[in-house]
Structures are given as structure tokens and as C-alpha cells.
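Structure, as C-alpha cells:
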Amino acid sequence: MSVPAADRGATKVADRAVRRIAERAATEALAPGEVRTDRSTASVRGRRARVDVAVTLPYPAVLDESGERVRSHVADRTARLTGLAVPSARVRVRELRVRAAEAGEPEAQEVASGATGGSRARRPWSARRVPVAVAALVAAAVCGVLLYDVLSVHAAGRAPARWRADFMEWLTTHGPHRGVWPGAAAAFAVFCLGVWLMVLAVTPGSRGRLAMRPPLPDVHAVVDRGTVAALLREAVSGLPGITRARVRVGRRRVTVRAGLAFGELDAARKALTETAEQTLASCGVARPPRLRVRLRTEPAWRAPARGGEDG
């Protein structure tokens, strides 16, 4: 008598897997990065699972509403992904965390010490496919031609190729030890090529991108410097009296140059600096570059008349 396929063996979901799924579901209940989990537990009994998740919620927030959203999402998401019935999903609010924008602190410290578990934002590592492909192709072609000639000499008993004999003769007469400049120049070029390849191998590259604060653990995000420059330029161009704006974004410094057509110079410079700082902070860069603002008056600019002075 054959046993039906559905009755052969059993599938068991480990407690650890259910706990990890419940923790991840809790972080997805609200906006990204607003919910953190700590000391969660889960137990599986047959086809039923019970989960207990301790969370940290953002402040201010309606606790009963936010907690119910987290609990409902944890129960539904865990049941859907594990295939188990989750009749009991317990959510304990252990702590309230003030949002960075309302606490007046840099968001980089908030994310680095919380949701990312102390992880550090890293610069993107460039694959450098083009230099590697070109170097590998050239090296493979040279080695292939040389190997073919060597095998033809030792295996087939043929005479060495004319180009190899001429090349070896040229090296003996034009090498660096002879003091002839072509050999020294070729040796220096090979040395520079080797140094360049070593630098490419040990440096991350991607200098046109800036590392962003990771919104979630094991998530790495980057932003183009051109995008940051465009956002800054658009933000400062909308200020009163600003007629032109040029922005240069480097890895360590951001320079904003603007022209003032009318208005108070000191007030315009203060507004320009504050707007640039807020826009740069909103980009979410892990290591915000230093901001440098230069405001110059246009040729048509005239100092505003002071109150109480005769016109």
C-alpha cells in the first residue's frame, strides 16, 4: 500500500526562524527605521506559533494605535510567511525614541546608534570592470602568443619566431642597464602601470558617489554628488534676492556661490547658509561634507535704506 505524498514526513519551522521573521515584520509595520526590536522570543507548537516582540517606537506617537498596528502586522506577516497559525502575537513597548528632526540632533547619530545596531556606513566599492577587463585581455593575449611560440619550439621542434628573437636582441642592446632611453622609458611605463593597478585594487573608487546613512541593517545606500548639487542649487535659488547659484559638491566640502540682486546682505547670507545646511542634512549623507557659502552682490545691488534715514 503506497502512502500519499502529503503524508510522507513532516515540515518543521524552527523557533529561531519564526522569531527572525517576527522581528523583521515589526520593523516593517511603520515607516522605515522607526521601529526597532529587542529581545524577541517565539515558540512553535505543532502548526501554531506564539511570538513576543519588544519594540522601540518613535516619539511622539499614539501608543495604543502604533502598538496595535505593529501587533497586527507581525501576526499577519508571520502567519503568511511561515504557514503557521499565529493566535497570539504580543508586542511590548520598551522605549520611546525622539525623532532626530524634533530632538535637534543630527540624524546620522540617531541612525548609527539605533536602527543599524552601530553599523558604519561604508563608501561604495567600485567594480572597475573596464580597467580589469582591458588589463586581463592584454595580458592574456601577450601570454597566449608567447606560450604558443614556446610550445612550438619545445614540442614541435620549430625555430623561435622571428619577432621573439628580434625582441630579445633589442632588450639586450636597449635595456636600462645600457643607459639607452627607450628601455628606461619602457621600464618606467611598466612601473607606473603596476602602481596604478595596485592603487585601483586597494582603493574603493566611486568618487562620484557619497555614502548615505543605512535606513535598515545590512542596507547600503549611496547618492550621486551631482544629485546633491542639483538639490542644493534648486533650494538656494528659490530664496528672495538670489539670482544665480553655483554649487560644487566634493567628498569633503560643499561650496555654494550665489549672487544677491536685492535685500540685506547679512540676512541673505544667513538664510542662504541655513537653507543649504537643511538641504544637505535632508540628503542623508553619512558623513556630511563641510559647507562653505560665498554670497556676492550683483552690480545692480544697492544697500537698502535704513529706517530713520532721509531718502
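Following the order of the C-alpha cells, chains are lettered A, B, ..., residues in each are numbered from 1, and ligands are numbered from 1.
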
According to DSSP computed on the backbone, where in stretch 120-275 of chain A is there strand (DSSP E)? Give the residues as a PyMOL selection string.
chain A and resi 209-211+222-224+242-249+253-260

Would you please extract all helix (DSSP H, G or I) residues from stretch 226-268 of chain A, as assigned by DSSP on the backbone, and give them as a ChimeraX atom specification?
/A:226-237,265-268

For the selection just defined, write its residues with N, CA, C and O atoms to a file, as a PDB file, in the first residue's frame.
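After the write, selection.pdb holds the following:
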```
ATOM      1  N   GLY A 226      26.286  64.746  -8.036  1.00  0.00           N
ATOM      2  CA  GLY A 226      25.540  65.632  -8.919  1.00  0.00           C
ATOM      3  C   GLY A 226      24.110  65.837  -8.451  1.00  0.00           C
ATOM      4  O   GLY A 226      23.546  66.934  -8.595  1.00  0.00           O
ATOM      5  N   THR A 227      23.504  64.801  -7.882  1.00  0.00           N
ATOM      6  CA  THR A 227      22.151  64.932  -7.352  1.00  0.00           C
ATOM      7  C   THR A 227      22.113  65.867  -6.152  1.00  0.00           C
ATOM      8  O   THR A 227      21.219  66.709  -6.021  1.00  0.00           O
ATOM      9  N   VAL A 228      23.096  65.737  -5.267  1.00  0.00           N
ATOM     10  CA  VAL A 228      23.165  66.634  -4.114  1.00  0.00           C
ATOM     11  C   VAL A 228      23.362  68.077  -4.581  1.00  0.00           C
ATOM     12  O   VAL A 228      22.734  69.009  -4.046  1.00  0.00           O
ATOM     13  N   ALA A 229      24.214  68.274  -5.575  1.00  0.00           N
ATOM     14  CA  ALA A 229      24.434  69.626  -6.092  1.00  0.00           C
ATOM     15  C   ALA A 229      23.157  70.201  -6.697  1.00  0.00           C
ATOM     16  O   ALA A 229      22.841  71.382  -6.511  1.00  0.00           O
ATOM     17  N   ALA A 230      22.397  69.379  -7.416  1.00  0.00           N
ATOM     18  CA  ALA A 230      21.158  69.865  -8.020  1.00  0.00           C
ATOM     19  C   ALA A 230      20.132  70.241  -6.948  1.00  0.00           C
ATOM     20  O   ALA A 230      19.430  71.261  -7.073  1.00  0.00           O
ATOM     21  N   LEU A 231      20.027  69.442  -5.890  1.00  0.00           N
ATOM     22  CA  LEU A 231      19.096  69.759  -4.811  1.00  0.00           C
ATOM     23  C   LEU A 231      19.480  71.050  -4.109  1.00  0.00           C
ATOM     24  O   LEU A 231      18.614  71.893  -3.801  1.00  0.00           O
ATOM     25  N   LEU A 232      20.759  71.221  -3.837  1.00  0.00           N
ATOM     26  CA  LEU A 232      21.206  72.456  -3.191  1.00  0.00           C
ATOM     27  C   LEU A 232      20.967  73.666  -4.081  1.00  0.00           C
ATOM     28  O   LEU A 232      20.518  74.724  -3.616  1.00  0.00           O
ATOM     29  N   ARG A 233      21.272  73.520  -5.346  1.00  0.00           N
ATOM     30  CA  ARG A 233      21.096  74.636  -6.267  1.00  0.00           C
ATOM     31  C   ARG A 233      19.622  75.040  -6.380  1.00  0.00           C
ATOM     32  O   ARG A 233      19.284  76.225  -6.403  1.00  0.00           O
ATOM     33  N   GLU A 234      18.744  74.071  -6.431  1.00  0.00           N
ATOM     34  CA  GLU A 234      17.316  74.377  -6.525  1.00  0.00           C
ATOM     35  C   GLU A 234      16.801  75.018  -5.244  1.00  0.00           C
ATOM     36  O   GLU A 234      15.950  75.912  -5.283  1.00  0.00           O
ATOM     37  N   ALA A 235      17.324  74.573  -4.089  1.00  0.00           N
ATOM     38  CA  ALA A 235      16.848  75.106  -2.816  1.00  0.00           C
ATOM     39  C   ALA A 235      17.278  76.557  -2.624  1.00  0.00           C
ATOM     40  O   ALA A 235      16.475  77.412  -2.222  1.00  0.00           O
ATOM     41  N   VAL A 236      18.542  76.863  -2.903  1.00  0.00           N
ATOM     42  CA  VAL A 236      19.032  78.222  -2.662  1.00  0.00           C
ATOM     43  C   VAL A 236      18.572  79.189  -3.748  1.00  0.00           C
ATOM     44  O   VAL A 236      18.483  80.405  -3.504  1.00  0.00           O
ATOM     45  N   SER A 237      18.252  78.686  -4.931  1.00  0.00           N
ATOM     46  CA  SER A 237      17.802  79.584  -5.995  1.00  0.00           C
ATOM     47  C   SER A 237      16.424  80.160  -5.706  1.00  0.00           C
ATOM     48  O   SER A 237      16.057  81.195  -6.279  1.00  0.00           O
ATOM     49  N   LEU A 265      22.312  92.154   2.949  1.00  0.00           N
ATOM     50  CA  LEU A 265      23.373  91.194   2.673  1.00  0.00           C
ATOM     51  C   LEU A 265      23.531  90.188   3.803  1.00  0.00           C
ATOM     52  O   LEU A 265      23.607  88.979   3.565  1.00  0.00           O
ATOM     53  N   ASP A 266      23.570  90.649   5.048  1.00  0.00           N
ATOM     54  CA  ASP A 266      23.772  89.732   6.168  1.00  0.00           C
ATOM     55  C   ASP A 266      22.593  88.779   6.328  1.00  0.00           C
ATOM     56  O   ASP A 266      22.775  87.572   6.577  1.00  0.00           O
ATOM     57  N   ALA A 267      21.369  89.306   6.192  1.00  0.00           N
ATOM     58  CA  ALA A 267      20.196  88.441   6.316  1.00  0.00           C
ATOM     59  C   ALA A 267      20.147  87.412   5.192  1.00  0.00           C
ATOM     60  O   ALA A 267      19.792  86.247   5.410  1.00  0.00           O
ATOM     61  N   ALA A 268      20.506  87.834   3.989  1.00  0.00           N
ATOM     62  CA  ALA A 268      20.515  86.899   2.867  1.00  0.00           C
ATOM     63  C   ALA A 268      21.573  85.819   3.055  1.00  0.00           C
ATOM     64  O   ALA A 268      21.340  84.646   2.751  1.00  0.00           O
TER      65      ALA A 268
END
```

Students should find that atom CA of A:Gly67 and atom CA of A:Leu81 are spaced 21.0 Å

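Atom CA of A:Phe167 is found 13.2 Å from atom CA of A:Ala186.
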
Option closest in space to A:Val199, from A:Pro304, A:Ala42, A:Pro131, A:Val150 [counting only C-alpha atoms]:
A:Pro131

Write out as a list in words the residues lying within 12 Å of A:Glu68, counting only C-alpha atoms and excluding same-chain residues fewer than 4 positions away.
Ala26, Ala29, Leu30, Leu57, Val62, Leu63, Asp64, Ser72, His73, Val74, Ala75, Ala89, Arg90, Val91, Arg92 and Val93 of chain A

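Atom CA of A:Leu137 is found 27.2 Å from atom CA of A:Arg158.
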
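The closest residue to A:Leu239, picked from A:Trp163, A:Trp196, A:Phe262, A:Tyr148 and counting only C-alpha atoms, is A:Phe262.
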
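Residues in contact with A:Leu146 at 12 Å, where only C-alpha atoms are counted and same-chain residues fewer than 5 positions away are skipped, are listed as Ala139, Ala140, Ala141, Leu151, Ser152, Val153, Pro160, Ala161, Trp163, Arg164, Ala165 and Phe167 of chain A.
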